[in-house]
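Enquirer: Contents of model_10.csv (CSV, C-alpha atoms):
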chain,number,residue,atom,x,y,z
A,1,MET,CA,1.7,-54.3,36.8
A,2,SER,CA,4.3,-52.4,38.8
A,3,GLU,CA,3.5,-48.8,39.6
A,4,ASP,CA,7.0,-47.6,38.7
A,5,PHE,CA,6.6,-45.6,35.6
A,6,TYR,CA,9.7,-47.0,33.9
A,7,ASP,CA,8.4,-50.6,34.6
A,8,VAL,CA,5.0,-49.6,33.3
A,9,LEU,CA,6.5,-48.7,29.9
A,10,GLY,CA,9.2,-51.4,30.1
A,11,VAL,CA,12.2,-49.1,29.6
A,12,SER,CA,15.4,-48.4,31.6
A,13,ARG,CA,15.8,-45.4,33.8
A,14,ASP,CA,18.2,-43.7,31.4
A,15,ALA,CA,16.0,-44.3,28.3
A,16,SER,CA,15.8,-41.5,25.8
A,17,GLU,CA,12.7,-39.6,25.1
A,18,ASP,CA,12.4,-41.4,21.7
A,19,GLU,CA,12.7,-44.8,23.4
A,20,ILE,CA,10.0,-43.8,25.9
A,21,LYS,CA,7.6,-42.7,23.2
A,22,LYS,CA,8.2,-45.8,21.1
A,23,ALA,CA,7.5,-48.0,24.2
A,24,TYR,CA,4.4,-46.0,24.9
A,25,ARG,CA,3.0,-46.5,21.4
A,26,LYS,CA,3.6,-50.2,21.7
A,27,LYS,CA,1.9,-50.5,25.1
A,28,ALA,CA,-0.9,-48.2,24.2
A,29,ALA,CA,-1.8,-50.1,21.1
A,30,LYS,CA,-2.0,-53.3,23.2
A,31,HIS,CA,-3.9,-52.1,26.2
A,32,HIS,CA,-6.2,-49.4,24.8
A,33,PRO,CA,-9.8,-50.2,26.1
A,34,ASP,CA,-11.1,-50.1,22.5
A,35,VAL,CA,-8.6,-52.8,21.5
A,36,SER,CA,-8.1,-55.0,24.6
A,37,ASP,CA,-10.7,-57.3,26.1
A,38,ASP,CA,-9.0,-57.5,29.5
A,39,ASP,CA,-11.2,-56.4,32.4
A,40,ASP,CA,-8.5,-54.0,33.7
A,41,ALA,CA,-7.6,-52.6,30.3
A,42,GLU,CA,-8.8,-49.1,31.1
A,43,GLU,CA,-6.8,-49.0,34.3
A,44,ARG,CA,-3.7,-50.3,32.6
A,45,PHE,CA,-4.1,-47.7,29.9
A,46,LYS,CA,-4.4,-44.9,32.5
A,47,LYS,CA,-1.1,-46.0,34.0
A,48,ILE,CA,0.6,-46.1,30.6
A,49,GLN,CA,-0.7,-42.7,29.8
A,50,LYS,CA,0.5,-41.3,33.2
A,51,ALA,CA,3.9,-42.9,32.8
A,52,LYS,CA,4.3,-41.4,29.3
A,53,GLU,CA,3.1,-38.0,30.5
A,54,VAL,CA,5.6,-37.8,33.3
A,55,LEU,CA,8.6,-39.4,31.6
A,56,THR,CA,8.4,-37.3,28.4
A,57,ASP,CA,8.1,-34.0,30.4
A,58,GLU,CA,11.6,-32.9,31.3
A,59,GLN,CA,10.6,-31.1,34.5
A,60,LYS,CA,8.3,-33.8,35.7
A,61,ARG,CA,10.8,-36.6,34.9
A,62,GLN,CA,13.4,-34.8,36.9
A,63,GLN,CA,11.0,-34.4,39.9
A,64,TYR,CA,10.1,-38.1,39.5
A,65,ASP,CA,13.7,-39.2,39.6
A,66,GLN,CA,14.5,-37.0,42.6
A,67,LEU,CA,11.5,-37.8,44.7
A,68,GLY,CA,10.8,-41.4,43.8
A,69,HIS,CA,7.5,-43.0,42.8
A,70,GLU,CA,5.7,-42.8,46.1
A,71,ARG,CA,6.5,-39.2,47.0
A,72,PHE,CA,6.0,-38.0,43.4
A,73,THR,CA,2.5,-39.6,43.2
A,74,GLU,CA,1.6,-38.3,46.6
A,75,ALA,CA,2.6,-34.8,45.6
A,76,ASP,CA,0.6,-35.2,42.3
A,77,LYS,CA,-2.5,-36.0,44.3
A,78,HIS,CA,-2.2,-32.7,46.0
A,79,GLY,CA,-1.6,-30.8,42.7
A,80,ALA,CA,2.1,-30.3,43.1
A,81,THR,CA,3.1,-31.7,39.7
A,82,GLY,CA,-0.1,-31.2,37.7
A,83,GLY,CA,-2.9,-33.7,37.9
A,84,ALA,CA,-3.8,-36.2,35.2
A,85,GLY,CA,-7.0,-37.7,36.4
A,86,PRO,CA,-9.9,-38.8,34.3
A,87,GLY,CA,-10.8,-36.2,31.7
A,88,GLY,CA,-7.4,-34.5,32.2
A,89,ALA,CA,-4.2,-34.9,30.2
A,90,GLY,CA,-3.7,-38.4,31.6
A,91,GLY,CA,-7.3,-39.6,31.4
A,92,PRO,CA,-8.3,-42.4,29.0
A,93,PHE,CA,-9.7,-40.0,26.4
A,94,GLY,CA,-7.3,-37.1,26.7
A,95,GLY,CA,-7.9,-33.6,28.0
A,96,ALA,CA,-6.8,-30.0,27.5
A,97,GLY,CA,-4.8,-29.5,24.3
A,98,GLY,CA,-5.5,-33.0,23.1
A,99,ALA,CA,-2.7,-34.5,25.2
A,100,GLY,CA,-3.1,-38.3,25.7
A,101,GLY,CA,-6.1,-40.6,25.0
A,102,PHE,CA,-7.5,-41.5,21.7
A,103,GLU,CA,-6.3,-38.4,19.9
A,104,ASP,CA,-2.8,-38.9,21.2
A,105,ILE,CA,-2.7,-42.5,19.9
A,106,PHE,CA,-4.1,-41.3,16.6
A,107,ASN,CA,-1.3,-38.8,16.3
A,108,GLN,CA,1.3,-41.3,17.3
A,109,PHE,CA,0.3,-43.9,14.7
A,110,PHE,CA,-0.6,-41.5,11.9
A,111,GLY,CA,2.2,-39.1,11.7
A,112,GLY,CA,1.6,-36.7,14.7
A,113,GLY,CA,3.3,-36.4,18.1
A,114,GLY,CA,6.9,-37.4,18.8
A,115,GLY,CA,8.1,-33.9,19.5
A,116,PRO,CA,8.1,-30.7,17.4
A,117,GLY,CA,7.2,-31.4,13.8
A,118,GLY,CA,6.6,-35.1,14.6
A,119,ARG,CA,10.3,-35.9,14.3
A,120,GLY,CA,11.0,-37.2,17.7
A,121,GLY,CA,12.4,-34.0,19.1
A,122,ARG,CA,14.4,-32.9,16.1
A,123,ARG,CA,14.3,-29.4,14.7
A,124,ASP,CA,10.9,-28.2,13.6
A,125,ASP,CA,11.0,-28.1,9.8
A,126,ARG,CA,7.7,-26.4,9.3
A,127,PRO,CA,7.8,-23.0,7.5
A,128,ARG,CA,7.8,-20.1,10.0
A,129,GLN,CA,7.5,-16.4,9.5
A,130,GLY,CA,10.6,-14.4,10.3
A,131,SER,CA,11.0,-12.0,13.2
A,132,ASP,CA,9.7,-8.4,13.0
A,133,LEU,CA,12.4,-5.7,12.9
A,134,ARG,CA,12.3,-2.2,14.3
A,135,THR,CA,13.8,1.1,13.3
A,136,GLY,CA,13.2,4.8,13.9
A,137,LEU,CA,12.4,7.7,11.5
A,138,THR,CA,12.3,11.4,12.2
A,139,VAL,CA,10.0,13.8,10.3
A,140,ASP,CA,9.5,17.5,10.8
A,141,LEU,CA,6.2,19.1,11.8
A,142,GLU,CA,5.4,20.3,8.2
A,143,GLU,CA,5.9,16.7,6.9
A,144,ALA,CA,3.7,15.3,9.6
A,145,PHE,CA,1.1,18.0,8.7
A,146,GLU,CA,1.0,17.3,5.0
A,147,GLY,CA,2.0,13.6,4.9
A,148,THR,CA,5.0,12.6,2.9
A,149,GLU,CA,7.1,9.8,1.5
A,150,LYS,CA,10.4,9.3,3.3
A,151,GLN,CA,13.4,7.3,2.1
A,152,PHE,CA,15.7,5.7,4.7
A,153,THR,CA,18.4,3.2,4.9
A,154,ILE,CA,18.7,0.2,7.3
A,155,THR,CA,21.1,-2.7,7.8
A,156,ARG,CA,19.1,-5.9,8.3
A,157,PRO,CA,19.5,-9.7,8.1
A,158,THR,CA,18.6,-11.3,4.8
A,159,ARG,CA,18.7,-14.8,3.3
A,160,CYS,CA,22.1,-15.6,1.8
A,161,ASP,CA,22.0,-15.6,-2.0
A,162,THR,CA,25.0,-17.9,-2.4
A,163,CYS,CA,23.5,-20.9,-0.5
A,164,GLY,CA,19.8,-19.9,-0.7
A,165,GLY,CA,19.7,-19.8,3.1
A,166,ASP,CA,20.7,-23.4,3.5
A,167,GLY,CA,24.1,-22.6,5.1
A,168,HIS,CA,26.1,-24.9,2.9
A,169,PRO,CA,26.9,-25.3,-0.8
A,170,PRO,CA,24.5,-27.3,-2.9
A,171,ASP,CA,27.2,-30.0,-3.6
A,172,ALA,CA,28.3,-30.4,0.1
A,173,ASP,CA,28.3,-33.9,1.5
A,174,VAL,CA,25.8,-34.7,4.2
A,175,ARG,CA,26.3,-37.2,7.1
A,176,THR,CA,24.7,-38.1,10.4
A,177,CYS,CA,25.7,-35.8,13.2
A,178,PRO,CA,28.3,-37.6,15.3
A,179,GLN,CA,27.5,-35.8,18.5
A,180,CYS,CA,23.8,-36.8,18.7
A,181,ASN,CA,23.9,-39.8,16.4
A,182,GLY,CA,21.2,-38.3,14.3
A,183,GLN,CA,18.7,-37.8,17.1
A,184,GLY,CA,18.9,-34.0,17.1
A,185,GLN,CA,19.2,-34.0,20.9
A,186,VAL,CA,21.8,-34.7,23.5
A,187,ARG,CA,21.2,-36.0,27.0
A,188,GLN,CA,23.2,-35.4,30.1
A,189,VAL,CA,22.7,-37.5,33.3
A,190,GLN,CA,24.1,-36.3,36.6
A,191,GLN,CA,24.1,-38.1,39.9
A,192,THR,CA,23.0,-35.8,42.8
A,193,PRO,CA,22.3,-36.4,46.5
A,194,LEU,CA,18.6,-36.5,45.5
A,195,GLY,CA,19.1,-39.0,42.8
A,196,ARG,CA,19.9,-39.1,39.1
A,197,VAL,CA,19.0,-35.9,37.1
A,198,GLN,CA,18.6,-36.1,33.4
A,199,GLN,CA,18.6,-33.1,31.1
A,200,THR,CA,17.8,-33.2,27.4
A,201,SER,CA,18.7,-30.3,25.0
A,202,THR,CA,19.0,-29.6,21.3
A,203,CYS,CA,22.2,-30.8,19.9
A,204,PRO,CA,24.6,-27.8,19.6
A,205,ARG,CA,26.5,-29.1,16.6
A,206,CYS,CA,23.6,-29.9,14.2
A,207,GLU,CA,21.1,-27.6,15.9
A,208,GLY,CA,18.5,-30.3,16.1
A,209,ALA,CA,18.7,-31.3,12.4
A,210,GLY,CA,20.5,-34.6,13.1
A,211,GLU,CA,22.7,-34.0,10.1
A,212,VAL,CA,25.9,-32.1,9.4
A,213,TYR,CA,27.5,-31.0,6.1
A,214,SER,CA,31.1,-31.3,4.9
A,215,GLU,CA,31.5,-27.5,4.5
A,216,ASP,CA,29.8,-24.3,5.3
A,217,CYS,CA,28.8,-21.5,2.9
A,218,PRO,CA,31.8,-19.2,2.5
A,219,ASP,CA,29.6,-16.0,2.5
A,220,CYS,CA,27.3,-16.7,5.5
A,221,GLY,CA,29.6,-19.1,7.5
A,222,GLY,CA,26.8,-21.7,7.7
A,223,ASP,CA,24.1,-19.4,9.2
A,224,GLY,CA,22.2,-19.0,5.9
A,225,ILE,CA,21.8,-15.3,6.8
A,226,VAL,CA,23.9,-12.3,5.9
A,227,ARG,CA,23.5,-8.6,6.8
A,228,GLU,CA,22.8,-6.1,4.0
A,229,GLU,CA,22.1,-2.4,3.7
A,230,ALA,CA,18.7,-1.7,2.2
A,231,THR,CA,17.2,1.6,1.1
A,232,LEU,CA,13.4,1.7,1.5
A,233,THR,CA,10.6,4.3,1.0
A,234,VAL,CA,7.7,4.6,3.4
A,235,GLU,CA,4.5,6.6,3.2
A,236,VAL,CA,4.0,8.8,6.2
A,237,PRO,CA,0.3,9.7,6.7
A,238,ALA,CA,-0.8,13.3,7.6
A,239,GLY,CA,-1.4,13.8,11.3
A,240,ILE,CA,1.0,11.1,12.6
A,241,ARG,CA,2.4,11.7,16.1
A,242,SER,CA,5.6,10.9,17.9
A,243,GLY,CA,5.7,7.3,19.2
A,244,GLN,CA,3.3,5.9,16.6
A,245,SER,CA,4.6,3.2,14.3
A,246,LEU,CA,4.3,2.4,10.6
A,247,ARG,CA,4.4,-1.2,9.4
A,248,MET,CA,6.1,-2.4,6.2
A,249,GLU,CA,5.0,-5.9,5.5
A,250,ARG,CA,7.6,-8.6,4.6
A,251,GLU,CA,10.5,-6.2,5.1
A,252,GLY,CA,11.7,-7.8,8.3
A,253,ALA,CA,14.0,-10.8,9.0
A,254,PRO,CA,13.8,-13.8,6.7
A,255,GLY,CA,11.6,-16.7,7.5
A,256,GLU,CA,12.7,-20.2,8.4
A,257,ASN,CA,12.2,-23.3,6.2
A,258,GLY,CA,10.8,-21.3,3.4
A,259,GLY,CA,8.5,-19.2,5.5
A,260,PRO,CA,7.7,-15.5,4.7
A,261,ASN,CA,9.7,-12.6,6.0
A,262,GLY,CA,8.6,-10.7,9.1
A,263,ASP,CA,7.6,-7.1,9.0
A,264,LEU,CA,9.5,-3.9,9.6
A,265,LEU,CA,8.1,-1.6,12.3
A,266,ILE,CA,9.1,2.1,12.0
A,267,GLU,CA,8.6,4.2,15.1
A,268,VAL,CA,8.1,7.8,14.1
A,269,ASP,CA,9.5,10.9,15.9
A,270,VAL,CA,8.0,14.2,14.9
A,271,ASP,CA,10.4,17.1,15.4
A,272,VAL,CA,8.0,20.0,16.4
A,273,GLY,CA,10.7,22.6,16.4
A,274,ASP,CA,10.9,25.7,18.6
A,275,HIS,CA,7.9,27.7,17.5
A,276,PHE,CA,5.0,25.3,18.3
A,277,GLU,CA,4.1,22.9,21.1
A,278,ARG,CA,2.0,19.9,20.2
A,279,ASP,CA,-0.7,18.3,22.3
A,280,GLY,CA,-2.3,15.4,20.3
A,281,ASP,CA,-3.9,17.0,17.3
A,282,ASP,CA,-3.8,20.5,18.9
A,283,LEU,CA,-0.9,23.0,18.6
A,284,ARG,CA,0.1,25.8,21.0
A,285,VAL,CA,2.0,29.0,20.2
A,286,ASN,CA,3.0,32.2,22.0
A,287,GLU,CA,2.5,35.6,20.5
A,288,ALA,CA,3.8,39.0,21.8
A,289,ILE,CA,1.5,42.0,21.8
A,290,SER,CA,2.2,45.6,22.9
A,291,PHE,CA,0.7,47.4,25.8
A,292,PRO,CA,-1.5,49.6,23.6
A,293,GLN,CA,-2.7,46.5,21.7
A,294,ALA,CA,-3.7,44.9,24.9
A,295,VAL,CA,-5.5,48.0,26.1
A,296,PHE,CA,-7.3,49.1,22.9
A,297,GLY,CA,-7.5,45.8,21.1
A,298,ASP,CA,-6.1,45.0,17.7
A,299,THR,CA,-5.9,42.4,14.9
A,300,ILE,CA,-2.6,40.5,14.8
A,301,ASP,CA,-1.0,38.0,12.4
A,302,VAL,CA,-0.6,34.5,13.8
A,303,GLU,CA,1.7,31.9,12.1
A,304,THR,CA,0.1,28.4,11.6
A,305,VAL,CA,1.6,25.3,10.1
A,306,ASP,CA,0.1,26.0,6.7
A,307,GLY,CA,0.3,29.8,6.6
A,308,THR,CA,-0.5,33.1,8.4
A,309,VAL,CA,-4.0,33.9,9.7
A,310,GLU,CA,-5.4,37.0,11.4
A,311,MET,CA,-6.6,36.9,15.0
A,312,ASP,CA,-8.6,39.6,16.8
A,313,VAL,CA,-7.2,40.7,20.2
A,314,PRO,CA,-10.1,42.3,22.2
A,315,ALA,CA,-9.6,45.5,24.2
A,316,GLY,CA,-8.5,44.8,27.8
A,317,THR,CA,-6.7,41.6,27.0
A,318,GLN,CA,-4.5,40.4,29.9
A,319,SER,CA,-1.0,39.1,29.5
A,320,GLY,CA,-1.1,35.2,29.5
A,321,GLU,CA,-4.7,35.0,28.1
A,322,THR,CA,-5.2,32.2,25.6
A,323,PHE,CA,-7.4,32.3,22.5
A,324,ARG,CA,-8.5,29.3,20.3
A,325,LEU,CA,-8.3,29.2,16.6
A,326,LYS,CA,-10.6,26.3,15.7
A,327,GLY,CA,-9.4,23.9,13.0
A,328,LYS,CA,-5.9,25.4,12.7
A,329,GLY,CA,-4.0,22.6,14.4
A,330,MET,CA,-2.8,19.2,13.0
A,331,PRO,CA,-4.9,16.9,10.7
A,332,ARG,CA,-6.6,14.0,12.6
A,333,LEU,CA,-4.8,10.8,11.6
A,334,ARG,CA,-6.9,8.9,9.1
A,335,ARG,CA,-9.9,10.9,10.1
A,336,ARG,CA,-11.6,14.1,8.8
A,337,GLY,CA,-11.0,17.5,10.4
A,338,ARG,CA,-8.1,19.1,12.2
A,339,GLY,CA,-7.3,20.0,15.8
A,340,ASP,CA,-7.1,23.6,17.1
A,341,LEU,CA,-4.4,26.2,17.6
A,342,TYR,CA,-4.2,27.8,21.0
A,343,VAL,CA,-2.6,31.2,21.0
A,344,GLN,CA,-1.3,32.6,24.3
A,345,VAL,CA,-0.6,36.3,24.2
A,346,ALA,CA,2.1,38.0,26.3
A,347,VAL,CA,2.1,41.8,26.8
A,348,VAL,CA,5.6,43.0,26.1
A,349,VAL,CA,6.9,46.1,27.9
A,350,PRO,CA,9.6,48.0,26.0
A,351,GLU,CA,13.0,48.2,27.5
A,352,SER,CA,13.2,51.9,26.9
A,353,LEU,CA,10.9,54.9,26.1
A,354,ASN,CA,11.5,58.1,24.2
A,355,GLU,CA,10.5,61.4,25.9
A,356,GLU,CA,7.1,61.6,24.1
A,357,GLN,CA,6.2,58.0,25.1
A,358,ARG,CA,7.3,58.6,28.7
A,359,GLU,CA,5.2,61.8,29.1
A,360,ALA,CA,2.2,60.1,27.6
A,361,LEU,CA,2.5,57.1,29.9
A,362,GLU,CA,3.0,59.3,33.0
A,363,ALA,CA,-0.1,61.2,32.0
A,364,PHE,CA,-2.0,57.9,31.7
A,365,ALA,CA,-0.8,56.9,35.2
A,366,GLU,CA,-1.7,60.3,36.7
A,367,ALA,CA,-5.2,60.1,35.2
A,368,GLY,CA,-5.6,56.8,36.9
A,369,GLY,CA,-4.6,58.3,40.3
A,370,GLU,CA,-1.4,56.4,40.5
A,371,ASP,CA,1.7,57.7,42.4
A,372,ILE,CA,4.4,58.1,39.8
A,373,ASP,CA,8.1,57.9,40.4
A,374,VAL,CA,9.6,59.9,37.6
A,375,GLY,CA,12.9,58.1,38.2
A,376,GLY,CA,11.4,55.0,36.7
A,377,GLY,CA,9.5,53.4,39.6
A,378,PHE,CA,6.2,53.4,37.7
A,379,PHE,CA,7.9,52.0,34.6
A,380,GLU,CA,9.5,49.2,36.6
A,381,LYS,CA,6.2,48.5,38.3
A,382,LEU,CA,4.5,48.3,34.8
A,383,LYS,CA,7.1,45.9,33.6
A,384,SER,CA,6.8,43.7,36.7
A,385,SER,CA,3.0,43.6,36.3
A,386,PHE,CA,3.4,41.7,33.0
Can the structure in the file be given as structure tokens, please?

Expert:
Amino acid sequence: MSEDFYDVLGVSRDASEDEIKKAYRKKAAKHHPDVSDDDDAEERFKKIQKAKEVLTDEQKRQQYDQLGHERFTEADKHGATGGAGPGGAGGPFGGAGGAGGFEDIFNQFFGGGGGPGGRGGRRDDRPRQGSDLRTGLTVDLEEAFEGTEKQFTITRPTRCDTCGGDGHPPDADVRTCPQCNGQGQVRQVQQTPLGRVQQTSTCPRCEGAGEVYSEDCPDCGGDGIVREEATLTVEVPAGIRSGQSLRMEREGAPGENGGPNGDLLIEVDVDVGDHFERDGDDLRVNEAISFPQAVFGDTIDVETVDGTVEMDVPAGTQSGETFRLKGKGMPRLRRRGRGDLYVQVAVVVPESLNEEQREALEAFAEAGGEDIDVGGGFFEKLKSSF
């Protein structure tokens, strides 16, 4: 038996993939070691397997045509084209993924193999789930704190009601695609300095179906899909953060060949506003206190997301000091408890003082032994210290 892979299968060098697979099935059925009594049946079967593996792989076949049999097989020995030795994809009993061997023959003779969907390279007609779609949604901090239901509108692809997603009227005439002759694939062969290069691709006219119809659906133009505006309502859980996503099942793009719709993923953006800063489940806020409050201490009102609470400011508080109000932050998403609220105080120096305030402050400074500039130097110094 010649080593040339085309001769091994008994096909021409421009044979189509379907012709190669048909020849492979015929040769494999004859020379399989479980069927043939020839002493060299196993070796013959290995060669048939190898020839089929190479000539049905577009990239390997191109390399084989360019390099020639001897150089290709030499490169294959060194792993350049992917080995197929015993126990591998080209071994007598198959290998990874079930390619080749007894399983391959079983698939070939009993309905499997032969390209996607078992149809010799035609379009895969198995039901497939549609693609997931994405959109964005903005909620304010109060909505993220309490949890809410939000209504929104999106424009998305959907199955055409007029044709049921088929792309053509029910009474349209069907005929074999003239471009691919019903194969679902087209083949181009180019002569290059390195030899003949063959490329196989899905037929652009029938999109791999092998059939065309006399007319397209007037509403979807043959796509089977139209775009529609849909208004949906999603439940936003309490504690959600910016960047987290919500999933609405079966609200995505329509499936293929009767498959289910994909899902709709909604990325949430929480508008915190100007009053708070958010750090995970914790919140931060700035509160102003007066100089006497910082010196003598006081109880102040602090605004939280769900109301106002009192906070004690101890005597001698410094400007910029931070206090923690435990459990006054955001709810923990799908967990118990809440984060904390961190309050940073800033001592505010008044822009102006009346006479009584000025005298009292100057007396305070003198009691502390500070050199006072009645023209305002001490006052400016006080302001700058905060």

Enquirer: Provide the CA of Thr155 in chain A to CA of Ala230 in chain A distance in Å, to one decimal place.

Expert: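 These atoms are spaced 6.2 Å apart.
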
Enquirer: Would you mind listing what lies within 12 Å of range 4-15 of chain A as JSON, numbers by chain, with all atoms listed in the file counted and same-chain residues fewer than 6 positions away left out?

Expert: {"A": [21, 22, 23, 24, 25, 26, 27, 28, 30, 31, 43, 44, 45, 46, 47, 48, 49, 50, 51, 52, 53, 54, 55, 56, 60, 61, 62, 64, 65, 68, 69, 70, 71, 72, 73, 187, 188, 189, 190, 191, 195, 196, 197, 198, 199, 200]}

Enquirer: Work out how far apart CA of His275 in chain A and CA of Thr135 in chain A are and give it in Å to one decimal.

Expert: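 Those two atoms sit 27.6 Å apart.
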
Enquirer: Separation of CA of Asp340 in chain A and CA of Phe296 in chain A, in Å?

Expert: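 Interatomic distance, CA of Asp340 in chain A to CA of Phe296 in chain A: 26.2 Å.
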
Enquirer: Compare A:Val302, A:Ala41, A:Leu133, A:Leu246 by their minimum atom-to-atom distance to Asp263 in chain A, counting only C-alpha atoms, and give me the closest one.

Expert: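 Ranked by minimum distance to Asp263 in chain A, first place goes to A:Leu133.
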
Enquirer: For Phe276 in chain A, which of A:Pro157, A:Pro218, A:Gly329, A:Pro260 is the closest residue, counting all atoms listed in the file?

Expert: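 Of A:Pro157, A:Pro218, A:Gly329, A:Pro260, the one nearest Phe276 in chain A is A:Gly329, counting all atoms listed in the file.
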
Enquirer: For Pro127 in chain A, which residue out of A:Asp37, A:Glu149, A:Glu256, A:Glu267 is the nearest one, using only C-alpha atoms?

Expert: A:Glu256

Enquirer: Within 9 Å of Cys180 in chain A, counting all atoms listed in the file, which residues show up once you throw out same-chain ones fewer than 2 positions away? Write them as a list in words, please.

Expert: Thr176, Cys177, Pro178, Gly182, Gln183, Gly184, Gln185, Val186, Arg187, Cys203, Arg205, Cys206, Gly208 and Gly210 of chain A

Enquirer: For each of A:Asp38, A:Asp166, A:Asp171, A:Glu356, take the minimum atom-to-atom distance to Asn257 in chain A, counting all atoms listed in the file, then give the residue where this is smallest.

Expert: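 Looking at the shortest contact to Asn257 in chain A, the residue is A:Asp166.
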
Enquirer: What's around Arg284 in chain A at 7 Å? Count all atoms listed in the file, leave out sequence neighbours fewer than 2 positions away in its own chain, and write the answer as a PDB file with C-alpha atoms, in the frame of the given file.

Expert:
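Okay, this is what ended up in part.pdb:
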ATOM      1  CA  PHE A 276       5.000  25.300  18.300  1.00  0.00           C
ATOM      2  CA  GLU A 277       4.100  22.900  21.100  1.00  0.00           C
ATOM      3  CA  ARG A 278       2.000  19.900  20.200  1.00  0.00           C
ATOM      4  CA  ASP A 282      -3.800  20.500  18.900  1.00  0.00           C
ATOM      5  CA  LEU A 341      -4.400  26.200  17.600  1.00  0.00           C
ATOM      6  CA  TYR A 342      -4.200  27.800  21.000  1.00  0.00           C
ATOM      7  CA  VAL A 343      -2.600  31.200  21.000  1.00  0.00           C
TER       8      VAL A 343
END

Enquirer: Quick one: residues within 9 Å of Gln344 in chain A, all atoms listed in the file, excluding same-chain residues fewer than 2 positions away - as a VMD selection string?

Expert: chain A and resid 284 to 288 319 to 324 342 346

Enquirer: Would you mind listing what lies within 12 Å of Ser245 in chain A as a CSV table (one decimal) with C-alpha atoms, keeping the file's coordinate frame, with only C-alpha atoms counted and same-chain residues fewer than 5 positions away left out?

Expert:
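The resulting around-v4.csv:
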chain,number,residue,atom,x,y,z
A,133,LEU,CA,12.4,-5.7,12.9
A,134,ARG,CA,12.3,-2.2,14.3
A,135,THR,CA,13.8,1.1,13.3
A,136,GLY,CA,13.2,4.8,13.9
A,137,LEU,CA,12.4,7.7,11.5
A,138,THR,CA,12.3,11.4,12.2
A,234,VAL,CA,7.7,4.6,3.4
A,235,GLU,CA,4.5,6.6,3.2
A,236,VAL,CA,4.0,8.8,6.2
A,237,PRO,CA,0.3,9.7,6.7
A,240,ILE,CA,1.0,11.1,12.6
A,263,ASP,CA,7.6,-7.1,9.0
A,264,LEU,CA,9.5,-3.9,9.6
A,265,LEU,CA,8.1,-1.6,12.3
A,266,ILE,CA,9.1,2.1,12.0
A,267,GLU,CA,8.6,4.2,15.1
A,268,VAL,CA,8.1,7.8,14.1
A,269,ASP,CA,9.5,10.9,15.9
A,270,VAL,CA,8.0,14.2,14.9
